[in-house]
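Peer 1: Here you go, entry-v1.csv (CSV, C-alpha atoms):
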chain,number,residue,atom,x,y,z
R,1,MET,CA,83.7,249.1,36.0
R,2,LYS,CA,83.8,248.8,32.3
R,3,ARG,CA,80.7,251.0,32.0
R,4,ILE,CA,82.2,253.7,34.1
R,5,ALA,CA,85.3,253.7,32.1
R,6,LEU,CA,83.2,253.9,29.0
R,7,PHE,CA,81.3,256.8,30.4
R,8,ILE,CA,84.4,258.7,31.4
R,9,ALA,CA,85.9,258.1,28.0
R,10,ALA,CA,82.7,259.4,26.4
R,11,VAL,CA,82.8,262.6,28.5
R,12,VAL,CA,86.5,263.2,28.0
R,13,LEU,CA,86.3,262.6,24.2
R,14,SER,CA,83.2,264.7,23.7
R,15,ALA,CA,84.9,267.6,25.5
R,16,ALA,CA,87.4,267.5,22.7
R,17,ALA,CA,84.7,268.0,20.1
R,18,PHE,CA,85.5,270.9,17.7
R,19,ALA,CA,84.2,272.3,14.5
R,20,VAL,CA,87.0,271.2,12.3
R,21,GLU,CA,85.6,268.8,9.8
R,22,PRO,CA,87.5,265.7,8.7
R,23,GLY,CA,88.0,267.0,5.2
R,24,GLU,CA,89.6,270.2,6.5
R,25,ARG,CA,92.5,268.5,8.3
R,26,LEU,CA,96.0,268.6,7.0
R,27,ALA,CA,97.7,265.3,6.2
R,28,ASP,CA,100.8,266.4,8.2
R,29,ALA,CA,100.0,265.9,11.9
R,30,ASN,CA,102.5,268.5,13.0
R,31,GLN,CA,101.1,271.1,10.6
R,32,GLU,CA,97.6,270.2,11.7
R,33,ALA,CA,98.5,270.7,15.3
R,34,ARG,CA,99.9,274.1,14.5
R,35,ALA,CA,96.8,275.0,12.5
R,36,ARG,CA,94.7,274.0,15.6
R,37,GLU,CA,96.8,276.2,17.8
R,38,VAL,CA,96.5,279.2,15.4
R,39,SER,CA,92.8,278.6,15.0
R,40,LYS,CA,92.3,278.7,18.8
R,41,ALA,CA,93.9,282.1,18.9
R,42,LEU,CA,91.6,283.6,16.3
R,43,ARG,CA,88.2,285.0,17.0
R,44,CYS,CA,85.3,284.1,14.8
R,45,VAL,CA,84.2,287.5,13.4
R,46,VAL,CA,80.6,286.3,12.9
R,47,CYS,CA,79.9,284.8,16.4
R,48,GLN,CA,82.3,287.0,18.2
R,49,ASN,CA,82.9,285.0,21.4
R,50,GLU,CA,84.0,281.8,19.8
R,51,THR,CA,87.3,280.8,18.3
R,52,ILE,CA,87.3,279.9,14.6
R,53,ASP,CA,88.3,276.4,15.9
R,54,ASP,CA,85.0,276.1,17.7
R,55,SER,CA,82.7,278.0,15.4
R,56,HIS,CA,80.5,276.4,12.8
R,57,ALA,CA,80.0,279.6,11.0
R,58,GLU,CA,80.8,279.3,7.3
R,59,LEU,CA,83.2,282.2,7.4
R,60,ALA,CA,85.0,280.5,10.3
R,61,LYS,CA,85.3,277.4,8.3
R,62,ASP,CA,86.8,279.4,5.4
R,63,MET,CA,89.2,281.1,7.8
R,64,ARG,CA,90.3,277.7,9.1
R,65,LEU,CA,90.9,276.5,5.6
R,66,LEU,CA,92.9,279.7,4.9
R,67,VAL,CA,95.0,279.1,8.1
R,68,ARG,CA,95.8,275.6,6.9
R,69,GLU,CA,96.6,276.8,3.4
R,70,ARG,CA,99.0,279.3,4.6
R,71,ILE,CA,100.7,276.9,7.0
R,72,LYS,CA,101.0,274.4,4.2
R,73,ALA,CA,102.6,277.2,2.1
R,74,GLY,CA,105.3,277.6,4.8
R,75,ASP,CA,104.0,280.5,6.9
R,76,SER,CA,105.0,280.5,10.6
R,77,ASN,CA,102.2,280.7,13.1
R,78,GLU,CA,103.0,284.3,13.8
R,79,GLN,CA,102.8,285.1,10.1
R,80,VAL,CA,99.4,283.6,9.8
R,81,LEU,CA,98.1,285.6,12.8
R,82,SER,CA,99.6,288.7,11.3
R,83,TYR,CA,97.8,288.1,8.0
R,84,MET,CA,94.5,288.0,9.9
R,85,VAL,CA,95.3,291.0,12.0
R,86,GLN,CA,96.2,293.1,8.9
R,87,ARG,CA,92.7,292.4,7.6
R,88,TYR,CA,90.5,292.3,10.8
R,89,GLY,CA,92.6,294.3,13.2
R,90,ASP,CA,93.7,293.2,16.7
R,91,PHE,CA,90.1,292.3,17.5
R,92,VAL,CA,90.5,289.0,15.7
R,93,LEU,CA,93.1,287.9,18.3
R,94,LEU,CA,91.5,286.5,21.4
R,95,LYS,CA,94.6,287.2,23.4
R,96,PRO,CA,95.5,290.9,22.7
R,97,ARG,CA,99.0,291.8,21.6
R,98,MET,CA,101.2,294.2,23.5
R,99,THR,CA,101.1,297.4,21.5
R,100,GLY,CA,100.9,301.1,22.4
R,101,GLU,CA,97.1,300.8,22.3
R,102,THR,CA,96.8,297.8,24.5
R,103,LEU,CA,99.3,298.9,27.2
R,104,VAL,CA,96.5,300.1,29.4
R,105,LEU,CA,94.9,296.7,29.0
R,106,TRP,CA,98.0,294.8,30.0
R,107,PHE,CA,99.3,297.1,32.8
R,108,GLY,CA,96.1,298.8,34.0
R,109,PRO,CA,95.3,296.2,36.6
R,110,LEU,CA,98.9,296.2,37.8
R,111,ILE,CA,98.9,300.0,38.1
R,112,VAL,CA,95.6,299.9,40.1
R,113,LEU,CA,97.1,297.2,42.4
R,114,VAL,CA,100.3,299.2,43.0
R,115,LEU,CA,98.3,302.4,43.6
R,116,GLY,CA,95.9,300.6,46.0
R,117,GLY,CA,98.8,299.0,47.8
R,118,PHE,CA,100.5,302.4,48.2
R,119,ILE,CA,97.3,303.9,49.7
R,120,VAL,CA,96.9,301.0,52.1
R,121,ALA,CA,100.6,301.1,53.1
R,122,ARG,CA,100.4,304.8,53.8
R,123,ARG,CA,97.3,304.5,55.9
R,124,LEU,CA,98.8,301.7,58.0
R,125,ARG,CA,102.1,303.7,58.5
R,126,LYS,CA,100.1,306.7,59.6
R,127,ALA,CA,98.0,304.7,62.1
R,128,GLN,CA,100.6,302.5,63.7
R,129,PRO,CA,103.2,304.9,65.2
R,130,ALA,CA,100.5,307.0,66.8
R,131,ALA,CA,99.1,303.9,68.5
R,132,ALA,CA,102.4,302.4,69.6
R,133,ALA,CA,104.2,305.5,70.9
R,134,PRO,CA,102.1,308.5,72.1
R,135,ALA,CA,103.8,311.8,71.4
R,136,ALA,CA,106.2,313.0,74.1
R,137,LEU,CA,104.8,315.6,76.5
R,138,SER,CA,105.6,319.2,75.6
R,139,ALA,CA,107.4,321.4,78.2
R,140,ASP,CA,104.2,323.0,79.3
R,141,GLU,CA,102.5,319.7,79.7
R,142,ALA,CA,105.4,318.3,81.7
R,143,ARG,CA,105.3,321.3,84.1
R,144,ALA,CA,101.5,321.0,84.5
R,145,LEU,CA,101.9,317.3,85.2
R,146,SER,CA,104.6,317.7,87.8
R,147,GLU,CA,102.6,320.4,89.5
R,148,LEU,CA,99.6,318.1,89.6
R,149,THR,CA,101.6,315.2,91.1
R,150,LYS,CA,103.2,317.6,93.6
R,151,ASN,CA,99.7,318.7,94.7
R,152,GLU,CA,98.6,315.1,94.9
R,153,SER,CA,101.5,314.1,97.1
R,154,ALA,CA,101.0,317.2,99.2
R,155,LYS,CA,97.4,316.2,99.7
R,156,LYS,CA,98.5,312.7,100.6
R,157,ASP,CA,100.9,314.1,103.1
R,158,SER,CA,98.3,316.2,104.7
R,159,ALA,CA,95.9,313.3,104.8
R,160,PRO,CA,95.5,311.6,108.2
G,1,MET,CA,92.0,308.0,82.7
G,2,SER,CA,91.3,308.8,79.0
G,3,SER,CA,93.7,308.0,76.2
G,4,PRO,CA,96.5,310.5,75.8
G,5,GLU,CA,96.0,310.3,72.0
G,6,ILE,CA,94.0,313.1,70.7
G,7,SER,CA,93.1,312.3,67.1
G,8,ALA,CA,93.0,315.1,64.6
G,9,PRO,CA,89.5,315.8,63.1
G,10,PRO,CA,89.2,313.3,60.1
G,11,LYS,CA,89.6,314.9,56.7
G,12,ARG,CA,86.3,314.9,54.9
G,13,TRP,CA,87.4,315.3,51.3
G,14,PRO,CA,88.6,311.7,50.6
G,15,LEU,CA,85.0,310.6,51.0
G,16,VAL,CA,84.1,312.6,47.9
G,17,VAL,CA,86.6,310.6,45.7
G,18,PRO,CA,84.5,307.4,45.3
G,19,LEU,CA,81.4,309.5,44.6
G,20,VAL,CA,83.3,311.4,41.8
G,21,VAL,CA,84.6,308.1,40.4
G,22,VAL,CA,81.2,306.6,40.4
G,23,ILE,CA,79.6,309.6,38.7
G,24,ALA,CA,82.4,309.6,36.1
G,25,LEU,CA,81.8,305.9,35.3
G,26,ILE,CA,78.0,306.5,35.0
G,27,ALA,CA,78.7,309.3,32.6
G,28,LEU,CA,81.1,307.1,30.6
G,29,PHE,CA,78.7,304.1,30.4
G,30,GLY,CA,75.8,306.4,29.7
G,31,LYS,CA,77.6,308.0,26.8
G,32,ARG,CA,78.5,304.5,25.4
G,33,LEU,CA,74.8,303.4,25.7
G,34,ALA,CA,73.7,306.5,23.9
G,35,ASP,CA,76.2,305.9,21.1
G,36,VAL,CA,74.9,302.3,20.7
G,37,GLU,CA,71.4,303.7,20.5
G,38,GLY,CA,72.6,306.1,17.9
G,39,GLY,CA,73.8,303.3,15.7
G,40,ASP,CA,77.4,302.8,16.9
G,41,ASP,CA,77.0,299.0,17.0
G,42,PRO,CA,79.8,297.5,19.1
G,43,ARG,CA,79.6,294.4,16.9
G,44,LEU,CA,80.8,296.4,13.9
G,45,LEU,CA,84.6,296.2,13.6
G,46,PRO,CA,86.7,299.2,12.6
G,47,THR,CA,88.2,298.8,9.2
G,48,VAL,CA,92.0,298.5,9.5
G,49,LEU,CA,92.2,298.5,5.7
G,50,LEU,CA,91.0,302.1,5.4
G,51,ASN,CA,93.4,304.1,3.2
G,52,THR,CA,95.3,301.0,2.1
G,53,PRO,CA,95.4,299.6,-1.4
G,54,PHE,CA,92.6,297.3,-2.3
G,55,PRO,CA,94.0,293.8,-1.6
G,56,GLU,CA,95.3,291.7,-4.5
G,57,MET,CA,92.7,289.5,-6.0
G,58,ASP,CA,91.6,288.1,-9.4
G,59,LEU,CA,88.2,286.7,-9.2
G,60,ALA,CA,86.5,284.6,-11.8
G,61,ALA,CA,83.6,286.1,-13.7
G,62,LEU,CA,80.0,284.9,-13.6
G,63,PRO,CA,79.3,283.1,-16.9
G,64,ASN,CA,77.6,285.0,-19.6
G,65,ARG,CA,77.8,288.5,-18.2
G,66,ALA,CA,78.8,291.4,-20.3
G,67,PHE,CA,81.8,292.4,-18.2
G,68,GLY,CA,84.4,290.0,-16.7
G,69,GLY,CA,85.4,289.0,-13.2
G,70,LEU,CA,87.0,291.4,-10.7
G,71,ALA,CA,90.7,291.9,-10.4
G,72,THR,CA,92.5,294.5,-8.3
G,73,THR,CA,93.8,296.2,-11.5
G,74,ASP,CA,90.2,296.8,-12.6
G,75,LEU,CA,89.8,299.2,-9.8
G,76,LYS,CA,92.4,301.6,-10.9
G,77,GLY,CA,91.6,304.7,-12.9
G,78,GLU,CA,88.1,305.4,-11.6
G,79,VAL,CA,86.3,305.9,-8.3
G,80,SER,CA,84.1,302.8,-7.8
G,81,LEU,CA,82.0,300.9,-5.3
G,82,VAL,CA,82.7,297.3,-4.5
G,83,ASN,CA,79.7,295.5,-3.0
G,84,VAL,CA,80.1,292.2,-1.2
G,85,TRP,CA,76.9,290.3,-1.6
G,86,GLY,CA,75.3,286.9,-2.0
G,87,SER,CA,71.9,285.6,-3.2
G,88,TRP,CA,71.5,283.9,0.2
G,89,CYS,CA,71.8,287.3,2.0
G,90,VAL,CA,68.5,288.9,3.0
G,91,ALA,CA,70.0,292.3,3.9
G,92,CYS,CA,71.5,292.4,0.4
G,93,LEU,CA,68.1,292.1,-1.1
G,94,ALA,CA,67.0,295.1,1.0
G,95,GLU,CA,69.7,297.3,-0.4
G,96,HIS,CA,69.5,296.0,-3.9
G,97,PRO,CA,66.8,298.4,-5.3
G,98,LEU,CA,69.1,301.3,-4.2
G,99,LEU,CA,72.0,299.8,-6.1
G,100,VAL,CA,69.9,299.3,-9.2
G,101,ALA,CA,68.7,303.0,-9.0
G,102,LEU,CA,72.3,304.2,-8.5
G,103,ASN,CA,73.5,302.3,-11.5
G,104,LYS,CA,70.9,304.1,-13.6
G,105,GLU,CA,72.3,307.4,-12.4
G,106,LYS,CA,75.8,306.3,-13.6
G,107,THR,CA,77.6,308.2,-10.8
G,108,VAL,CA,80.1,305.4,-10.2
G,109,PRO,CA,80.6,301.9,-11.5
G,110,ILE,CA,79.4,299.3,-8.9
G,111,HIS,CA,81.3,296.1,-8.8
G,112,GLY,CA,80.1,293.0,-7.1
G,113,ILE,CA,81.8,290.2,-5.2
G,114,ALA,CA,79.5,287.2,-5.1
G,115,TRP,CA,80.4,285.7,-1.7
G,116,ARG,CA,80.0,282.0,-1.1
G,117,ASP,CA,77.4,281.8,-3.8
G,118,PRO,CA,77.1,279.2,-6.6
G,119,PRO,CA,77.2,281.1,-9.9
G,120,GLU,CA,73.8,279.8,-11.0
G,121,ALA,CA,72.3,281.1,-7.8
G,122,SER,CA,73.9,284.5,-8.3
G,123,LEU,CA,72.8,284.8,-11.9
G,124,LYS,CA,69.3,283.7,-11.1
G,125,TRP,CA,69.1,286.3,-8.3
G,126,LEU,CA,70.4,289.1,-10.6
G,127,ALA,CA,68.0,288.1,-13.3
G,128,GLN,CA,65.2,288.3,-10.8
G,129,HIS,CA,66.0,291.5,-8.9
G,130,GLY,CA,68.0,293.5,-11.5
G,131,ASP,CA,71.8,293.6,-12.2
G,132,PRO,CA,73.4,296.9,-11.1
G,133,TYR,CA,76.9,295.5,-11.3
G,134,THR,CA,79.6,296.4,-13.8
G,135,ARG,CA,82.0,293.6,-12.9
G,136,VAL,CA,81.2,290.6,-10.7
G,137,GLY,CA,83.8,288.3,-9.3
G,138,GLN,CA,83.1,285.0,-7.6
G,139,ASP,CA,84.4,284.3,-4.1
G,140,PRO,CA,83.4,280.7,-3.4
G,141,ARG,CA,85.9,280.2,-0.5
G,142,SER,CA,85.9,283.6,1.1
G,143,THR,CA,89.4,284.4,0.1
G,144,ALA,CA,88.4,287.8,-1.2
G,145,ALA,CA,86.1,288.3,1.8
G,146,ILE,CA,88.8,287.5,4.3
G,147,ALA,CA,91.3,289.6,2.4
G,148,LEU,CA,88.9,292.5,2.7
G,149,GLY,CA,88.2,291.9,6.4
G,150,VAL,CA,84.5,291.2,5.7
G,151,THR,CA,82.5,289.9,8.6
G,152,GLY,CA,79.0,289.7,6.9
G,153,ALA,CA,77.2,290.7,3.9
G,154,PRO,CA,76.5,293.2,2.6
G,155,GLU,CA,79.6,295.3,2.9
G,156,THR,CA,80.4,298.1,0.5
G,157,PHE,CA,83.8,299.6,-0.2
G,158,VAL,CA,84.5,303.0,-1.7
G,159,VAL,CA,87.7,302.7,-3.8
G,160,ASP,CA,89.3,305.8,-5.2
G,161,ALA,CA,90.9,306.1,-8.7
G,162,GLN,CA,94.3,305.0,-7.3
G,163,GLY,CA,92.7,301.7,-6.1
G,164,VAL,CA,92.8,302.7,-2.4
G,165,ILE,CA,90.0,301.8,0.0
G,166,ARG,CA,88.6,305.1,1.3
G,167,TYR,CA,85.5,303.9,3.1
G,168,LYS,CA,83.7,300.8,4.1
G,169,HIS,CA,80.0,300.6,4.9
G,170,ILE,CA,78.9,297.5,6.9
G,171,GLY,CA,75.3,296.5,6.3
G,172,PRO,CA,72.8,297.5,3.7
G,173,ILE,CA,73.2,301.0,2.2
G,174,THR,CA,70.1,303.0,3.0
G,175,PRO,CA,69.2,306.2,1.1
G,176,GLU,CA,70.3,308.1,4.2
G,177,VAL,CA,73.7,306.4,4.2
G,178,TRP,CA,74.1,307.1,0.5
G,179,GLN,CA,73.2,310.8,0.9
G,180,THR,CA,75.0,311.6,4.0
G,181,LYS,CA,78.2,309.5,3.7
G,182,LEU,CA,78.8,307.8,0.4
G,183,ALA,CA,77.6,310.4,-2.1
G,184,PRO,CA,79.6,313.3,-0.6
G,185,LEU,CA,82.7,311.2,-0.3
G,186,ILE,CA,82.5,310.0,-3.9
G,187,ALA,CA,81.9,313.6,-5.1
G,188,GLN,CA,85.0,314.7,-3.2
G,189,LEU,CA,87.1,311.8,-4.5
G,190,LYS,CA,86.2,312.6,-8.1
G,191,LYS,CA,87.5,316.1,-7.9
Once you've parsed the file, please lay out its structure as structure tokens.
Peer 2:
Amino acid sequence: MKRIALFIAAVVLSAAAFAVEPGERLADANQEARAREVSKALRCVVCQNETIDDSHAELAKDMRLLVRERIKAGDSNEQVLSYMVQRYGDFVLLKPRMTGETLVLWFGPLIVLVLGGFIVARRLRKAQPAAAAPAALSADEARALSELTKNESAKKDSAP
Amino acid sequence: MSSPEISAPPKRWPLVVPLVVVIALIALFGKRLADVEGGDDPRLLPTVLLNTPFPEMDLAALPNRAFGGLATTDLKGEVSLVNVWGSWCVACLAEHPLLVALNKEKTVPIHGIAWRDPPEASLKWLAQHGDPYTRVGQDPRSTAAIALGVTGAPETFVVDAQGVIRYKHIGPITPEVWQTKLAPLIAQLKK
């Protein structure tokens, strides 16, 4: 039991492994937590699919230090992110912001969904009434039908 | 008896829509691939700092060089190049002979930012390979590099006489880049 617990602890704790070195951490736990949060939102520009919190690239390390420096100096999380965006562009944010340029990114899928739903709804509406209620007979058809049935009954009458 | 419903002949044209969409996508992706082949590397980031003033910095000099360190104010009054480099950077060595040659032509002053490089290493490298730089500022903790939105060395900025960034070249400057992009821009900025 103890060994299993130990194993689970090892797995769980190793999952929390990150690139932040002990010397980088801020003394204030609250500020450090904010720095981690900001770092997780920033892309490492060297190894572009990692956050600077995960990356071992030297530039990522310097960016982490800069994030901490600015937080220590009293910047809000948003101000730190803006500082990076001003220099590296929106690309540096792993979660894109909502701006004129990224509107398509945010709402494109929704628009496609609505359009698709509209097309499907229209098709269903077109198909259903036709199946449920066949169109009423026109005057000509009614006359033809009554004539046919008259003939039928006449035939029946004449039958032995 | 057959069903009374007589369906209208199906419209054929909606069948063409997916085909058109697929062809459009192939054309789009094909163009992008061709662009990448042509040198439009998607890893290169667009420069948001284009046409903005060179960021504030005041970098320490390398010891015993004729000119001092690099400060933002040094960039005003003359068109100049600012080259971010380091002795650890292989691609910088590749472009270095070109910078040395350019410095001999005296078209523009070339300033250097020694990025994450111990001063002894920078000086040794310059002694070995030639020193084309007017001013060199040290950037041991990437503060200048981050302020400039640098992602890797070398990167070269063209700064106009007002101290505004007018161009950024990512990667080594090749003779072709110099002739087709940087030289014409510098000539135009000098007018």
Peer 1: Which residues are near Glu78 of chain R? Cut-off 12 Å, all atoms listed in the file, ignore same chain within fewer than 2 positions. Put them as a VMD selection string.
Peer 2: chain R and resid 34 to 35 37 to 39 41 to 42 67 70 to 71 74 to 76 80 to 85 93 97
Peer 1: Just the selected residues (C-alpha atoms), exported as a PDB file, keeping the file's coordinate frame, please.
Peer 2:
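What ended up in part26.pdb:
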ATOM      1  CA  ARG R  34      99.900 274.100  14.500  1.00  0.00           C
ATOM      2  CA  ALA R  35      96.800 275.000  12.500  1.00  0.00           C
ATOM      3  CA  GLU R  37      96.800 276.200  17.800  1.00  0.00           C
ATOM      4  CA  VAL R  38      96.500 279.200  15.400  1.00  0.00           C
ATOM      5  CA  SER R  39      92.800 278.600  15.000  1.00  0.00           C
ATOM      6  CA  ALA R  41      93.900 282.100  18.900  1.00  0.00           C
ATOM      7  CA  LEU R  42      91.600 283.600  16.300  1.00  0.00           C
ATOM      8  CA  VAL R  67      95.000 279.100   8.100  1.00  0.00           C
ATOM      9  CA  ARG R  70      99.000 279.300   4.600  1.00  0.00           C
ATOM     10  CA  ILE R  71     100.700 276.900   7.000  1.00  0.00           C
ATOM     11  CA  GLY R  74     105.300 277.600   4.800  1.00  0.00           C
ATOM     12  CA  ASP R  75     104.000 280.500   6.900  1.00  0.00           C
ATOM     13  CA  SER R  76     105.000 280.500  10.600  1.00  0.00           C
ATOM     14  CA  VAL R  80      99.400 283.600   9.800  1.00  0.00           C
ATOM     15  CA  LEU R  81      98.100 285.600  12.800  1.00  0.00           C
ATOM     16  CA  SER R  82      99.600 288.700  11.300  1.00  0.00           C
ATOM     17  CA  TYR R  83      97.800 288.100   8.000  1.00  0.00           C
ATOM     18  CA  MET R  84      94.500 288.000   9.900  1.00  0.00           C
ATOM     19  CA  VAL R  85      95.300 291.000  12.000  1.00  0.00           C
ATOM     20  CA  LEU R  93      93.100 287.900  18.300  1.00  0.00           C
ATOM     21  CA  ARG R  97      99.000 291.800  21.600  1.00  0.00           C
TER      22      ARG R  97
END
Peer 1: Residues of chain G within 6 Å of chain R, using only C-alpha atoms, as an MDAnalysis selection string?
Peer 2: chainID G and resid 48 149 151
Peer 1: Could those residues be written to a file, using C-alpha atoms, as a PDB file, in the coordinates of the input?
Peer 2:
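And here's result_26.pdb as it stands now:
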ATOM      1  CA  VAL G  48      92.000 298.500   9.500  1.00  0.00           C
ATOM      2  CA  GLY G 149      88.200 291.900   6.400  1.00  0.00           C
ATOM      3  CA  THR G 151      82.500 289.900   8.600  1.00  0.00           C
TER       4      THR G 151
END
Peer 1: Would you mind reading off the distance between atom CA of Ile146 of chain G and atom CA of Ile52 of chain R, one decimal, in Å?
Peer 2: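 For atom CA of Ile146 of chain G relative to atom CA of Ile52 of chain R, the distance reads 12.9 Å.
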Peer 1: So how many Å separate atom CA of Gly130 of chain G and atom CA of Leu98 of chain G, to one decimal?
Peer 2: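 Pair atom CA of Gly130 of chain G / atom CA of Leu98 of chain G returns 10.7 Å.
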Peer 1: Quick one: distance from atom CA of Thr51 of chain R to atom CA of Pro96 of chain R in Å, one decimal?
Peer 2: 13.7 Å
Peer 1: Find the residue from R:Lys40, R:Val20, R:Glu101, R:Ala29 that sits nearest to Ala57 of chain R; use only C-alpha atoms when measuring.
Peer 2: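 Of R:Lys40, R:Val20, R:Glu101, R:Ala29, the one nearest Ala57 of chain R is R:Val20, counting only C-alpha atoms.
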Peer 1: Can you pull out the residues contacting segment 168-183 of chain G? Cut-off 10 Å, using only C-alpha atoms, and skip same-chain residues under 2 positions away; I want them as a VMD selection string.
Peer 2: chain G and resid 44 to 47 49 to 50 81 to 85 90 to 96 98 to 99 102 107 to 108 148 150 to 159 165 to 166 185 to 189
Peer 1: Export, as a PDB file, in the coordinates of the input, the selected residues with C-alpha atoms.
Peer 2:
ATOM      1  CA  LEU G  44      80.800 296.400  13.900  1.00  0.00           C
ATOM      2  CA  LEU G  45      84.600 296.200  13.600  1.00  0.00           C
ATOM      3  CA  PRO G  46      86.700 299.200  12.600  1.00  0.00           C
ATOM      4  CA  THR G  47      88.200 298.800   9.200  1.00  0.00           C
ATOM      5  CA  LEU G  49      92.200 298.500   5.700  1.00  0.00           C
ATOM      6  CA  LEU G  50      91.000 302.100   5.400  1.00  0.00           C
ATOM      7  CA  LEU G  81      82.000 300.900  -5.300  1.00  0.00           C
ATOM      8  CA  VAL G  82      82.700 297.300  -4.500  1.00  0.00           C
ATOM      9  CA  ASN G  83      79.700 295.500  -3.000  1.00  0.00           C
ATOM     10  CA  VAL G  84      80.100 292.200  -1.200  1.00  0.00           C
ATOM     11  CA  TRP G  85      76.900 290.300  -1.600  1.00  0.00           C
ATOM     12  CA  VAL G  90      68.500 288.900   3.000  1.00  0.00           C
ATOM     13  CA  ALA G  91      70.000 292.300   3.900  1.00  0.00           C
ATOM     14  CA  CYS G  92      71.500 292.400   0.400  1.00  0.00           C
ATOM     15  CA  LEU G  93      68.100 292.100  -1.100  1.00  0.00           C
ATOM     16  CA  ALA G  94      67.000 295.100   1.000  1.00  0.00           C
ATOM     17  CA  GLU G  95      69.700 297.300  -0.400  1.00  0.00           C
ATOM     18  CA  HIS G  96      69.500 296.000  -3.900  1.00  0.00           C
ATOM     19  CA  LEU G  98      69.100 301.300  -4.200  1.00  0.00           C
ATOM     20  CA  LEU G  99      72.000 299.800  -6.100  1.00  0.00           C
ATOM     21  CA  LEU G 102      72.300 304.200  -8.500  1.00  0.00           C
ATOM     22  CA  THR G 107      77.600 308.200 -10.800  1.00  0.00           C
ATOM     23  CA  VAL G 108      80.100 305.400 -10.200  1.00  0.00           C
ATOM     24  CA  LEU G 148      88.900 292.500   2.700  1.00  0.00           C
ATOM     25  CA  VAL G 150      84.500 291.200   5.700  1.00  0.00           C
ATOM     26  CA  THR G 151      82.500 289.900   8.600  1.00  0.00           C
ATOM     27  CA  GLY G 152      79.000 289.700   6.900  1.00  0.00           C
ATOM     28  CA  ALA G 153      77.200 290.700   3.900  1.00  0.00           C
ATOM     29  CA  PRO G 154      76.500 293.200   2.600  1.00  0.00           C
ATOM     30  CA  GLU G 155      79.600 295.300   2.900  1.00  0.00           C
ATOM     31  CA  THR G 156      80.400 298.100   0.500  1.00  0.00           C
ATOM     32  CA  PHE G 157      83.800 299.600  -0.200  1.00  0.00           C
ATOM     33  CA  VAL G 158      84.500 303.000  -1.700  1.00  0.00           C
ATOM     34  CA  VAL G 159      87.700 302.700  -3.800  1.00  0.00           C
ATOM     35  CA  ILE G 165      90.000 301.800   0.000  1.00  0.00           C
ATOM     36  CA  ARG G 166      88.600 305.100   1.300  1.00  0.00           C
ATOM     37  CA  LEU G 185      82.700 311.200  -0.300  1.00  0.00           C
ATOM     38  CA  ILE G 186      82.500 310.000  -3.900  1.00  0.00           C
ATOM     39  CA  ALA G 187      81.900 313.600  -5.100  1.00  0.00           C
ATOM     40  CA  GLN G 188      85.000 314.700  -3.200  1.00  0.00           C
ATOM     41  CA  LEU G 189      87.100 311.800  -4.500  1.00  0.00           C
TER      42      LEU G 189
END
